[in-house]
Amino acid sequence: MSIRRFIINSGSVSDGHAVVDGEVYKHIARVLRMVAGDPVLLVDENGVTYCGTIELVTKKSVEIAISSMQAAAGGDGTSPRITICQALPKGDRIDLILQKCTELGAHDFQLFGGCRSIAKVRQDQLPGKLERWNRITAEAARQSGRNDVPLVTWCHTALDAAANADHQLRLTLWEDEREQSLKQVLSAQERPASVIVAIGPEGGFDPLEVRHFSQHGFQPVSLGSRILRTETASIAILAIMQYMWEAT
Ligand code: SAH
């Protein structure tokens, strides 16, 4: 299951903790019955994202320890918030993707286990892997002079990743797409406030995954007739979108 995301008021956060009550409390504690130790993502009205863990659930509020935060996309507010929704590739290819896409302006990464992903992540491995992946983006952000660090989160499947999307423009890079090109979609599009791009693993996307993404508003697009490696595709799409929409 992917990490749950909740909209909060920035006033709920102070000194590395958030105290949440009201409707969001009811959703967390009563509907989802979440408990201490569960990871959560909090997004405030300024677009700031907080990554944290539930510390205490009382009868009226939930207390959350904040482990990291990320400023809203685009210092000047016009560069789109770009999420790379990447199926986990084998080996250390993910390191290259996280590093290069951070340099190229990705706002955050939603990694998931693709049907055809060779690499698998056991639940007990997840905290260590998330820590390592977020260290890679932090180092790449520092090196490239960014003032925000892309957050890396995990979803177990493409279904979870697709359902999580709340972006204005949603794309699936599909090597078998023959109808729609990226150029057609982007040239018909004003600069979006947010974009999410789904990219398959080295084994590619299962057509069922593509269909599921489509059911959540993702448009399948082709990057041309050649088959790119997954790491090439993610770097290419970011470079193209940076060229098209980067304000600075
Ligand atoms: N199954 C393929 C490799 C997939 S490449 C093979 O024949 O070996 C991994 C991912 O990169 C794909 O799932 C897709 O998301 C992206 N990709 C690669 N080439 C692409 C293309 N020409 N158009 C769109 N996406 C592409």
# chains A, B, ... in the order shown; residues from 1 in each chain; ligands from 1
>>> residues_around(residues="stretch 207-223 of chain A", least_positions_apart="5", cutoff="8 Å", atoms="only C-alpha atoms", output="ChimeraX atom specification")
/A:115,158-159,162-163,165,169-182,185,233
>>> write_last_selection(atoms="N, CA and C atoms", output="PDB file, in the first residue's frame")
ATOM      1  N   CYS A 115       4.649  -4.716 -12.894  1.00  0.00           N
ATOM      2  CA  CYS A 115       4.387  -6.151 -13.151  1.00  0.00           C
ATOM      3  C   CYS A 115       5.666  -6.834 -13.623  1.00  0.00           C
ATOM      4  N   ALA A 158       1.547  -0.444  -9.689  1.00  0.00           N
ATOM      5  CA  ALA A 158       1.145   0.638 -10.603  1.00  0.00           C
ATOM      6  C   ALA A 158      -0.270   1.103 -10.258  1.00  0.00           C
ATOM      7  N   LEU A 159      -1.096   0.161  -9.765  1.00  0.00           N
ATOM      8  CA  LEU A 159      -2.483   0.530  -9.444  1.00  0.00           C
ATOM      9  C   LEU A 159      -2.487   1.589  -8.348  1.00  0.00           C
ATOM     10  N   ALA A 162      -1.128   4.943  -9.742  1.00  0.00           N
ATOM     11  CA  ALA A 162      -2.101   5.649 -10.593  1.00  0.00           C
ATOM     12  C   ALA A 162      -3.179   6.310  -9.729  1.00  0.00           C
ATOM     13  N   ALA A 163      -3.615   5.590  -8.710  1.00  0.00           N
ATOM     14  CA  ALA A 163      -4.710   6.113  -7.862  1.00  0.00           C
ATOM     15  C   ALA A 163      -4.243   7.317  -7.048  1.00  0.00           C
ATOM     16  N   ALA A 165      -2.362   9.750  -8.073  1.00  0.00           N
ATOM     17  CA  ALA A 165      -2.061  10.936  -8.900  1.00  0.00           C
ATOM     18  C   ALA A 165      -3.131  12.015  -8.704  1.00  0.00           C
ATOM     19  N   LEU A 169      -1.637  17.272 -15.512  1.00  0.00           N
ATOM     20  CA  LEU A 169      -1.292  16.534 -16.733  1.00  0.00           C
ATOM     21  C   LEU A 169      -0.694  15.188 -16.343  1.00  0.00           C
ATOM     22  N   ARG A 170      -1.229  14.094 -16.904  1.00  0.00           N
ATOM     23  CA  ARG A 170      -0.757  12.754 -16.529  1.00  0.00           C
ATOM     24  C   ARG A 170      -0.381  12.013 -17.809  1.00  0.00           C
ATOM     25  N   LEU A 171       0.869  11.530 -17.852  1.00  0.00           N
ATOM     26  CA  LEU A 171       1.378  10.861 -19.060  1.00  0.00           C
ATOM     27  C   LEU A 171       1.896   9.468 -18.708  1.00  0.00           C
ATOM     28  N   THR A 172       1.693   8.520 -19.620  1.00  0.00           N
ATOM     29  CA  THR A 172       2.336   7.210 -19.519  1.00  0.00           C
ATOM     30  C   THR A 172       3.278   7.078 -20.705  1.00  0.00           C
ATOM     31  N   LEU A 173       4.565   6.939 -20.450  1.00  0.00           N
ATOM     32  CA  LEU A 173       5.509   6.697 -21.558  1.00  0.00           C
ATOM     33  C   LEU A 173       5.369   5.220 -21.901  1.00  0.00           C
ATOM     34  N   TRP A 174       4.866   4.959 -23.135  1.00  0.00           N
ATOM     35  CA  TRP A 174       4.594   3.559 -23.505  1.00  0.00           C
ATOM     36  C   TRP A 174       5.291   3.240 -24.808  1.00  0.00           C
ATOM     37  N   GLU A 175       6.147   2.233 -24.745  1.00  0.00           N
ATOM     38  CA  GLU A 175       6.950   1.866 -25.913  1.00  0.00           C
ATOM     39  C   GLU A 175       6.073   1.288 -27.026  1.00  0.00           C
ATOM     40  N   ASP A 176       4.881   0.836 -26.691  1.00  0.00           N
ATOM     41  CA  ASP A 176       3.992   0.255 -27.726  1.00  0.00           C
ATOM     42  C   ASP A 176       2.922   1.236 -28.201  1.00  0.00           C
ATOM     43  N   GLU A 177       3.013   2.466 -27.770  1.00  0.00           N
ATOM     44  CA  GLU A 177       2.009   3.465 -28.203  1.00  0.00           C
ATOM     45  C   GLU A 177       2.283   3.836 -29.658  1.00  0.00           C
ATOM     46  N   ARG A 178       1.273   3.712 -30.503  1.00  0.00           N
ATOM     47  CA  ARG A 178       1.471   4.000 -31.930  1.00  0.00           C
ATOM     48  C   ARG A 178       0.645   5.191 -32.401  1.00  0.00           C
ATOM     49  N   GLU A 179      -0.305   5.604 -31.580  1.00  0.00           N
ATOM     50  CA  GLU A 179      -1.209   6.677 -32.036  1.00  0.00           C
ATOM     51  C   GLU A 179      -0.694   8.061 -31.667  1.00  0.00           C
ATOM     52  N   GLN A 180      -0.400   8.226 -30.378  1.00  0.00           N
ATOM     53  CA  GLN A 180      -0.186   9.577 -29.839  1.00  0.00           C
ATOM     54  C   GLN A 180       1.292   9.819 -29.527  1.00  0.00           C
ATOM     55  N   SER A 181       1.831  10.918 -30.056  1.00  0.00           N
ATOM     56  CA  SER A 181       3.233  11.231 -29.726  1.00  0.00           C
ATOM     57  C   SER A 181       3.273  12.234 -28.584  1.00  0.00           C
ATOM     58  N   LEU A 182       4.406  12.280 -27.908  1.00  0.00           N
ATOM     59  CA  LEU A 182       4.582  13.251 -26.826  1.00  0.00           C
ATOM     60  C   LEU A 182       4.415  14.655 -27.381  1.00  0.00           C
ATOM     61  N   VAL A 185       0.821  15.803 -27.683  1.00  0.00           N
ATOM     62  CA  VAL A 185       0.173  16.106 -26.392  1.00  0.00           C
ATOM     63  C   VAL A 185       0.712  17.406 -25.813  1.00  0.00           C
ATOM     64  N   ALA A 233      14.649   6.984 -20.895  1.00  0.00           N
ATOM     65  CA  ALA A 233      13.301   7.563 -21.070  1.00  0.00           C
ATOM     66  C   ALA A 233      13.020   8.619 -20.008  1.00  0.00           C
TER      67      ALA A 233
END
>>> residues_around(residues="stretch 140-156 of chain A", least_positions_apart="5", cutoff="10 Å", atoms="only C-alpha atoms", output="short mmCIF file (atom, residue, chain, number, x, y, z; two decimals) with all heavy atoms, in the first residue's frame")
data_model
loop_
_atom_site.label_atom_id
_atom_site.label_comp_id
_atom_site.auth_asym_id
_atom_site.auth_seq_id
_atom_site.Cartn_x
_atom_site.Cartn_y
_atom_site.Cartn_z
N MET A 1 0.86 -1.20 0.00
CA MET A 1 0.00 0.00 0.00
C MET A 1 0.90 1.25 0.00
O MET A 1 1.89 1.27 0.65
CB MET A 1 -0.91 -0.02 1.23
CG MET A 1 -1.79 1.21 1.40
SD MET A 1 -2.83 1.56 -0.04
CE MET A 1 -4.04 0.27 0.10
N SER A 2 0.51 2.27 -0.78
CA SER A 2 1.35 3.47 -0.86
C SER A 2 1.15 4.31 0.39
O SER A 2 0.19 4.13 1.14
CB SER A 2 0.92 4.27 -2.09
OG SER A 2 -0.44 4.59 -1.95
N ILE A 3 2.07 5.26 0.57
CA ILE A 3 1.98 6.13 1.75
C ILE A 3 0.81 7.09 1.56
O ILE A 3 0.67 7.72 0.50
CB ILE A 3 3.30 6.93 1.92
CG1 ILE A 3 4.46 5.96 2.19
CG2 ILE A 3 3.17 7.92 3.07
CD1 ILE A 3 5.79 6.65 2.44
N ARG A 4 -0.07 7.18 2.54
CA ARG A 4 -1.26 8.03 2.46
C ARG A 4 -0.87 9.51 2.53
O ARG A 4 0.03 9.88 3.27
CB ARG A 4 -2.20 7.71 3.63
CG ARG A 4 -2.69 6.27 3.65
CD ARG A 4 -3.86 6.09 2.74
NE ARG A 4 -4.43 4.74 2.83
CZ ARG A 4 -5.55 4.39 2.20
NH1 ARG A 4 -6.19 5.29 1.49
NH2 ARG A 4 -6.01 3.18 2.29
N LEU A 41 2.16 11.28 4.45
CA LEU A 41 2.61 12.49 3.74
C LEU A 41 1.59 13.58 4.01
O LEU A 41 0.38 13.34 3.91
CB LEU A 41 2.67 12.23 2.22
CG LEU A 41 3.86 11.43 1.68
CD1 LEU A 41 3.70 11.22 0.19
CD2 LEU A 41 5.17 12.12 1.99
N THR A 49 5.32 19.82 1.20
CA THR A 49 5.06 18.42 1.51
C THR A 49 5.91 17.99 2.70
O THR A 49 7.12 18.25 2.72
CB THR A 49 5.40 17.51 0.30
OG1 THR A 49 4.64 17.96 -0.82
CG2 THR A 49 5.07 16.05 0.59
N TYR A 50 5.27 17.38 3.71
CA TYR A 50 5.99 16.88 4.88
C TYR A 50 5.90 15.36 4.88
O TYR A 50 4.82 14.80 4.68
CB TYR A 50 5.35 17.39 6.17
CG TYR A 50 5.25 18.90 6.28
CD1 TYR A 50 4.13 19.58 5.75
CD2 TYR A 50 6.25 19.66 6.86
CE1 TYR A 50 4.03 20.96 5.83
CE2 TYR A 50 6.15 21.06 6.94
CZ TYR A 50 5.04 21.69 6.41
OH TYR A 50 4.94 23.07 6.49
N CYS A 51 7.04 14.70 5.10
CA CYS A 51 7.07 13.24 5.24
C CYS A 51 7.20 12.95 6.74
O CYS A 51 8.04 13.56 7.41
CB CYS A 51 8.31 12.73 4.49
SG CYS A 51 8.28 10.99 4.17
N SER A 68 10.98 14.83 7.12
CA SER A 68 11.57 15.69 6.07
C SER A 68 10.46 16.54 5.47
O SER A 68 9.28 16.22 5.61
CB SER A 68 12.20 14.83 4.96
OG SER A 68 11.22 14.04 4.35
N MET A 69 10.86 17.63 4.85
CA MET A 69 9.85 18.49 4.19
C MET A 69 10.39 18.96 2.85
O MET A 69 11.60 18.93 2.61
CB MET A 69 9.51 19.69 5.05
CG MET A 69 10.67 20.63 5.29
SD MET A 69 10.16 22.15 6.05
CE MET A 69 9.48 23.02 4.63
N GLN A 70 9.47 19.34 1.95
CA GLN A 70 9.91 19.79 0.63
C GLN A 70 9.08 20.99 0.24
O GLN A 70 7.85 20.96 0.31
CB GLN A 70 9.72 18.67 -0.40
CG GLN A 70 10.19 19.10 -1.77
CD GLN A 70 10.06 17.99 -2.77
OE1 GLN A 70 9.55 16.92 -2.50
NE2 GLN A 70 10.50 18.24 -3.96
N ALA A 71 9.79 22.05 -0.20
CA ALA A 71 9.09 23.28 -0.59
C ALA A 71 8.22 23.01 -1.80
O ALA A 71 8.40 22.01 -2.50
CB ALA A 71 10.13 24.34 -0.96
N ALA A 72 7.27 23.90 -2.07
CA ALA A 72 6.42 23.77 -3.26
C ALA A 72 7.30 23.88 -4.50
O ALA A 72 8.40 24.41 -4.46
CB ALA A 72 5.38 24.89 -3.25
N ALA A 73 6.80 23.37 -5.62
CA ALA A 73 7.60 23.37 -6.86
C ALA A 73 7.84 24.79 -7.31
O ALA A 73 7.07 25.69 -7.01
CB ALA A 73 6.83 22.63 -7.95
N GLY A 74 8.94 24.97 -8.01
CA GLY A 74 9.17 26.20 -8.75
C GLY A 74 9.18 27.45 -7.89
O GLY A 74 8.15 27.98 -7.55
N GLY A 75 10.39 27.92 -7.52
CA GLY A 75 10.50 29.10 -6.67
C GLY A 75 9.64 30.25 -7.19
O GLY A 75 8.97 30.92 -6.45
N ILE A 82 6.77 18.50 -11.24
CA ILE A 82 6.88 17.29 -12.06
C ILE A 82 7.19 16.08 -11.18
O ILE A 82 8.21 16.07 -10.47
CB ILE A 82 7.99 17.44 -13.13
CG1 ILE A 82 7.66 18.63 -14.06
CG2 ILE A 82 8.12 16.15 -13.95
CD1 ILE A 82 8.77 18.95 -15.05
N THR A 83 6.31 15.10 -11.23
CA THR A 83 6.51 13.84 -10.49
C THR A 83 6.92 12.75 -11.47
O THR A 83 6.23 12.53 -12.48
CB THR A 83 5.22 13.42 -9.77
OG1 THR A 83 4.86 14.43 -8.81
CG2 THR A 83 5.40 12.09 -9.05
N ILE A 84 8.05 12.08 -11.19
CA ILE A 84 8.45 10.93 -11.99
C ILE A 84 7.91 9.69 -11.29
O ILE A 84 8.29 9.40 -10.15
CB ILE A 84 10.00 10.87 -12.13
CG1 ILE A 84 10.50 12.05 -12.97
CG2 ILE A 84 10.41 9.54 -12.77
CD1 ILE A 84 10.03 12.04 -14.42
N CYS A 85 7.00 9.01 -11.98
CA CYS A 85 6.36 7.81 -11.43
C CYS A 85 7.04 6.61 -12.08
O CYS A 85 6.69 6.21 -13.18
CB CYS A 85 4.87 7.89 -11.79
SG CYS A 85 3.88 6.55 -11.12
N GLN A 86 8.07 6.11 -11.41
CA GLN A 86 9.03 5.20 -12.03
C GLN A 86 8.90 3.78 -11.51
O GLN A 86 9.02 3.53 -10.30
CB GLN A 86 10.46 5.71 -11.73
CG GLN A 86 11.59 4.79 -12.16
CD GLN A 86 11.80 4.79 -13.67
OE1 GLN A 86 11.85 5.84 -14.29
NE2 GLN A 86 11.90 3.60 -14.25
N ALA A 87 8.69 2.82 -12.43
CA ALA A 87 8.71 1.40 -12.03
C ALA A 87 10.15 1.05 -11.68
O ALA A 87 11.08 1.43 -12.40
CB ALA A 87 8.22 0.52 -13.18
N LEU A 88 10.34 0.32 -10.57
CA LEU A 88 11.69 0.05 -10.09
C LEU A 88 12.47 -0.80 -11.10
O LEU A 88 12.05 -1.92 -11.41
CB LEU A 88 11.63 -0.68 -8.74
CG LEU A 88 12.96 -0.81 -7.99
CD1 LEU A 88 13.50 0.56 -7.59
CD2 LEU A 88 12.79 -1.70 -6.76
N LEU A 98 17.40 8.77 -10.25
CA LEU A 98 17.13 9.73 -9.18
C LEU A 98 18.10 10.92 -9.27
O LEU A 98 17.71 12.09 -9.14
CB LEU A 98 17.28 9.05 -7.81
CG LEU A 98 16.23 7.97 -7.48
CD1 LEU A 98 16.58 7.29 -6.16
CD2 LEU A 98 14.82 8.56 -7.43
N GLN A 99 19.37 10.60 -9.56
CA GLN A 99 20.37 11.68 -9.62
C GLN A 99 20.12 12.61 -10.80
O GLN A 99 20.02 13.83 -10.65
CB GLN A 99 21.78 11.07 -9.75
CG GLN A 99 22.89 12.10 -9.73
CD GLN A 99 24.24 11.50 -10.06
OE1 GLN A 99 24.47 11.02 -11.18
NE2 GLN A 99 25.12 11.50 -9.07
N LYS A 100 19.98 12.04 -11.98
CA LYS A 100 19.85 12.87 -13.19
C LYS A 100 18.52 13.62 -13.23
O LYS A 100 18.45 14.78 -13.64
CB LYS A 100 20.02 12.01 -14.46
CG LYS A 100 21.39 11.35 -14.59
CD LYS A 100 22.50 12.37 -14.39
CE LYS A 100 23.88 11.73 -14.27
NZ LYS A 100 24.84 12.69 -13.67
N CYS A 101 17.47 12.99 -12.80
CA CYS A 101 16.16 13.66 -12.84
C CYS A 101 16.08 14.74 -11.77
O CYS A 101 15.40 15.75 -11.96
CB CYS A 101 15.03 12.64 -12.67
SG CYS A 101 14.88 11.54 -14.10
N THR A 102 16.82 14.59 -10.68
CA THR A 102 16.90 15.67 -9.68
C THR A 102 17.61 16.87 -10.29
O THR A 102 17.16 18.01 -10.20
CB THR A 102 17.65 15.20 -8.42
OG1 THR A 102 16.89 14.17 -7.78
CG2 THR A 102 17.86 16.35 -7.43
N GLU A 103 18.74 16.59 -10.99
CA GLU A 103 19.46 17.69 -11.65
C GLU A 103 18.57 18.40 -12.67
O GLU A 103 18.68 19.61 -12.86
CB GLU A 103 20.70 17.13 -12.37
CG GLU A 103 21.79 16.58 -11.47
CD GLU A 103 22.84 15.83 -12.27
OE1 GLU A 103 23.13 16.25 -13.41
OE2 GLU A 103 23.35 14.81 -11.78
N LEU A 104 17.67 17.61 -13.29
CA LEU A 104 16.83 18.16 -14.37
C LEU A 104 15.51 18.73 -13.86
O LEU A 104 14.64 19.08 -14.64
CB LEU A 104 16.57 17.07 -15.42
CG LEU A 104 17.76 16.79 -16.35
CD1 LEU A 104 17.56 15.49 -17.11
CD2 LEU A 104 17.96 17.95 -17.34
N GLY A 105 15.35 18.81 -12.53
CA GLY A 105 14.23 19.56 -12.00
C GLY A 105 13.01 18.76 -11.55
O GLY A 105 11.97 19.35 -11.27
N ALA A 106 13.10 17.44 -11.46
CA ALA A 106 11.94 16.67 -10.95
C ALA A 106 11.59 17.18 -9.56
O ALA A 106 12.50 17.47 -8.75
CB ALA A 106 12.28 15.18 -10.88
N HIS A 107 10.28 17.32 -9.27
CA HIS A 107 9.87 17.79 -7.94
C HIS A 107 9.86 16.64 -6.95
O HIS A 107 10.22 16.81 -5.78
CB HIS A 107 8.49 18.44 -8.02
CG HIS A 107 7.97 18.88 -6.69
ND1 HIS A 107 7.14 18.10 -5.92
CD2 HIS A 107 8.21 20.00 -5.96
CE1 HIS A 107 6.86 18.74 -4.80
NE2 HIS A 107 7.49 19.88 -4.80
N ASP A 108 9.42 15.46 -7.40
CA ASP A 108 9.41 14.30 -6.50
C ASP A 108 9.33 13.02 -7.31
O ASP A 108 9.06 13.06 -8.52
CB ASP A 108 8.24 14.39 -5.49
CG ASP A 108 6.89 14.41 -6.19
OD1 ASP A 108 6.58 15.42 -6.87
OD2 ASP A 108 6.17 13.40 -6.12
N PHE A 109 9.56 11.91 -6.64
CA PHE A 109 9.56 10.58 -7.28
C PHE A 109 8.58 9.67 -6.57
O PHE A 109 8.61 9.56 -5.33
CB PHE A 109 10.95 9.95 -7.21
CG PHE A 109 12.01 10.72 -7.96
CD1 PHE A 109 12.70 11.75 -7.35
CD2 PHE A 109 12.31 10.41 -9.28
CE1 PHE A 109 13.68 12.46 -8.03
CE2 PHE A 109 13.29 11.12 -9.98
CZ PHE A 109 13.98 12.15 -9.35
N GLN A 110 7.75 9.03 -7.37
CA GLN A 110 6.83 8.00 -6.84
C GLN A 110 7.31 6.68 -7.46
O GLN A 110 7.12 6.44 -8.66
CB GLN A 110 5.42 8.33 -7.33
CG GLN A 110 4.39 7.29 -6.97
CD GLN A 110 3.54 7.74 -5.80
OE1 GLN A 110 2.76 8.67 -5.92
NE2 GLN A 110 3.76 7.12 -4.67
N LEU A 111 8.05 5.87 -6.70
CA LEU A 111 8.55 4.60 -7.25
C LEU A 111 7.50 3.52 -6.99
O LEU A 111 6.75 3.59 -6.00
CB LEU A 111 9.88 4.24 -6.58
CG LEU A 111 10.99 5.30 -6.63
CD1 LEU A 111 12.29 4.73 -6.08
CD2 LEU A 111 11.18 5.86 -8.02
N PHE A 112 7.46 2.54 -7.88
CA PHE A 112 6.49 1.44 -7.67
C PHE A 112 7.03 0.14 -8.25
O PHE A 112 7.97 0.14 -9.07
CB PHE A 112 5.12 1.79 -8.29
CG PHE A 112 5.11 1.90 -9.79
CD1 PHE A 112 4.79 0.80 -10.60
CD2 PHE A 112 5.41 3.10 -10.41
CE1 PHE A 112 4.76 0.91 -11.99
CE2 PHE A 112 5.40 3.21 -11.81
CZ PHE A 112 5.07 2.12 -12.59
N GLY A 113 6.42 -0.95 -7.82
CA GLY A 113 6.80 -2.27 -8.34
C GLY A 113 5.98 -2.58 -9.58
O GLY A 113 4.77 -2.81 -9.48
N GLY A 114 6.63 -2.53 -10.75
CA GLY A 114 5.92 -2.83 -11.99
C GLY A 114 5.68 -4.33 -12.12
O GLY A 114 6.41 -5.14 -11.53
N LYS A 120 12.59 -6.58 -6.73
CA LYS A 120 11.45 -6.59 -5.80
C LYS A 120 11.90 -5.95 -4.49
O LYS A 120 13.07 -6.00 -4.14
CB LYS A 120 10.98 -8.04 -5.53
CG LYS A 120 10.60 -8.82 -6.79
CD LYS A 120 9.38 -8.26 -7.49
CE LYS A 120 9.04 -9.07 -8.76
NZ LYS A 120 8.13 -8.35 -9.67
N VAL A 121 10.94 -5.34 -3.75
CA VAL A 121 11.25 -4.73 -2.46
C VAL A 121 10.38 -5.38 -1.39
O VAL A 121 9.16 -5.29 -1.44
CB VAL A 121 10.99 -3.20 -2.49
CG1 VAL A 121 11.27 -2.58 -1.12
CG2 VAL A 121 11.84 -2.53 -3.56
N ARG A 122 11.05 -6.04 -0.42
CA ARG A 122 10.28 -6.62 0.69
C ARG A 122 9.93 -5.50 1.67
O ARG A 122 10.65 -4.50 1.77
CB ARG A 122 11.12 -7.69 1.40
CG ARG A 122 11.40 -8.96 0.62
CD ARG A 122 11.89 -10.08 1.56
NE ARG A 122 12.82 -9.56 2.56
CZ ARG A 122 14.17 -9.53 2.36
NH1 ARG A 122 14.68 -9.95 1.22
NH2 ARG A 122 14.98 -9.07 3.31
N GLN A 123 8.84 -5.68 2.41
CA GLN A 123 8.38 -4.66 3.35
C GLN A 123 9.48 -4.28 4.34
O GLN A 123 9.70 -3.11 4.64
CB GLN A 123 7.15 -5.19 4.14
CG GLN A 123 6.41 -4.14 4.96
CD GLN A 123 5.80 -3.01 4.13
OE1 GLN A 123 5.45 -3.19 2.96
NE2 GLN A 123 5.74 -1.81 4.71
N LEU A 126 12.04 -1.80 2.98
CA LEU A 126 11.57 -0.50 2.50
C LEU A 126 12.17 0.70 3.23
O LEU A 126 12.70 1.62 2.59
CB LEU A 126 10.03 -0.47 2.57
CG LEU A 126 9.33 0.58 1.71
CD1 LEU A 126 9.85 0.60 0.29
CD2 LEU A 126 7.82 0.37 1.73
N PRO A 127 12.19 0.72 4.57
CA PRO A 127 12.75 1.92 5.24
C PRO A 127 14.19 2.20 4.82
O PRO A 127 14.53 3.34 4.51
CB PRO A 127 12.65 1.55 6.73
CG PRO A 127 11.58 0.51 6.81
CD PRO A 127 11.67 -0.28 5.54
N LYS A 129 15.71 1.29 2.03
CA LYS A 129 15.80 1.71 0.62
C LYS A 129 15.32 3.14 0.45
O LYS A 129 15.94 3.94 -0.25
CB LYS A 129 14.97 0.75 -0.25
CG LYS A 129 15.65 -0.60 -0.44
CD LYS A 129 14.96 -1.42 -1.50
CE LYS A 129 15.66 -2.76 -1.71
NZ LYS A 129 16.95 -2.63 -2.41
N LEU A 130 14.20 3.50 1.15
CA LEU A 130 13.70 4.88 1.05
C LEU A 130 14.75 5.86 1.57
O LEU A 130 14.97 6.92 0.98
CB LEU A 130 12.39 5.02 1.83
CG LEU A 130 11.13 4.55 1.10
CD1 LEU A 130 9.95 4.46 2.06
CD2 LEU A 130 10.80 5.47 -0.07
N GLU A 131 15.43 5.47 2.64
CA GLU A 131 16.46 6.36 3.20
C GLU A 131 17.59 6.55 2.18
O GLU A 131 18.04 7.67 1.91
CB GLU A 131 17.00 5.76 4.50
CG GLU A 131 17.87 6.73 5.30
CD GLU A 131 18.56 6.04 6.48
OE1 GLU A 131 18.03 5.01 6.95
OE2 GLU A 131 19.63 6.52 6.89
N ARG A 132 17.97 5.47 1.53
CA ARG A 132 19.08 5.56 0.54
C ARG A 132 18.64 6.37 -0.68
O ARG A 132 19.35 7.26 -1.16
CB ARG A 132 19.52 4.17 0.09
CG ARG A 132 20.82 4.16 -0.71
CD ARG A 132 21.32 2.77 -0.98
NE ARG A 132 20.60 2.16 -2.09
CZ ARG A 132 20.90 2.38 -3.38
NH1 ARG A 132 21.87 3.22 -3.68
NH2 ARG A 132 20.21 1.81 -4.33
N TRP A 133 17.44 6.11 -1.17
CA TRP A 133 16.96 6.85 -2.33
C TRP A 133 16.84 8.34 -2.04
O TRP A 133 17.22 9.18 -2.86
CB TRP A 133 15.60 6.30 -2.77
CG TRP A 133 15.66 4.89 -3.31
CD1 TRP A 133 16.71 4.28 -3.93
CD2 TRP A 133 14.60 3.92 -3.27
NE1 TRP A 133 16.38 2.98 -4.27
CE2 TRP A 133 15.10 2.73 -3.89
CE3 TRP A 133 13.29 3.92 -2.78
CZ2 TRP A 133 14.32 1.58 -4.02
CZ3 TRP A 133 12.51 2.78 -2.91
CH2 TRP A 133 13.03 1.62 -3.52
N ASN A 134 16.36 8.69 -0.84
CA ASN A 134 16.23 10.12 -0.48
C ASN A 134 17.59 10.75 -0.24
O ASN A 134 17.75 11.96 -0.41
CB ASN A 134 15.30 10.28 0.73
CG ASN A 134 13.83 10.19 0.33
OD1 ASN A 134 13.26 11.14 -0.19
ND2 ASN A 134 13.21 9.04 0.55
N ARG A 135 18.59 9.93 0.12
CA ARG A 135 19.96 10.46 0.25
C ARG A 135 20.53 10.82 -1.12
O ARG A 135 21.21 11.82 -1.30
CB ARG A 135 20.85 9.41 0.94
CG ARG A 135 21.43 9.86 2.28
CD ARG A 135 22.55 9.03 2.85
NE ARG A 135 22.77 7.72 2.30
CZ ARG A 135 22.31 6.58 2.85
NH1 ARG A 135 21.55 6.64 3.92
NH2 ARG A 135 22.57 5.39 2.32
N ALA A 161 0.01 3.59 -7.58
CA ALA A 161 0.65 4.82 -8.08
C ALA A 161 -0.36 5.63 -8.90
O ALA A 161 -0.49 6.84 -8.73
CB ALA A 161 1.87 4.46 -8.94
N ALA A 162 -1.13 4.94 -9.74
CA ALA A 162 -2.10 5.65 -10.59
C ALA A 162 -3.18 6.31 -9.73
O ALA A 162 -3.54 7.46 -9.93
CB ALA A 162 -2.75 4.67 -11.57
N ASN A 164 -2.92 7.41 -6.80
CA ASN A 164 -2.36 8.49 -5.99
C ASN A 164 -2.28 9.82 -6.74
O ASN A 164 -2.12 10.87 -6.15
CB ASN A 164 -0.91 8.11 -5.60
CG ASN A 164 -0.76 7.96 -4.10
OD1 ASN A 164 -1.70 8.25 -3.36
ND2 ASN A 164 0.39 7.54 -3.67
#
>>> closest_residue(among="A:Glu139, A:Arg116, A:Ala239, A:Val19", to="A:Leu56", atoms="only C-alpha atoms")
A:Val19
>>> closest_residue(among="A:Lys26, A:Arg93, A:Arg5, A:Arg226", to="ligand 1", atoms="only C-alpha atoms and all ligand atoms")
A:Arg226
>>> closest_residue(among="A:Ser10, A:Ser117, A:Gln242, A:Gln125", to="ligand 1", atoms="only C-alpha atoms and all ligand atoms")
A:Ser117
>>> select_by_dssp(residues="stretch 11-207 of chain A", states="alpha helix (DSSP H)", output="ChimeraX atom specification")
/A:22-25,93-103,126-143,158-164,182-187,207
>>> closest_residue(among="A:Leu228, A:Tyr243, A:Pro80, A:Leu238", to="ligand 1", atoms="only C-alpha atoms and all ligand atoms")
A:Leu228
>>> select_by_dssp(residues="stretch 8-195 of chain A", states="strand (DSSP E)", output="PyMOL selection string")
chain A and resi 13-14+17-20+39-43+49-57+62-70+81-87+108-112+151-155+169-173+194-195
>>> atom_distance(atom1="atom CA of A:Gly128", atom2="atom CA of A:Gly37")
15.3 Å
>>> residues_around(residues="A:Pro192", least_positions_apart="4", cutoff="12 Å", atoms="only C-alpha atoms", output="NGL selection string")
:A and (77-82 or 167-170 or 185-188 or 196 or 241 or 244-246)
>>> closest_residue(among="A:Val43, A:Ile28, A:Ile237, A:Ala138", to="ligand 1", atoms="only C-alpha atoms and all ligand atoms")
A:Ile237
>>> closest_residue(among="A:Asn46, A:Ala236, A:Ile8, A:Pro201", to="ligand 1", atoms="only C-alpha atoms and all ligand atoms")
A:Pro201
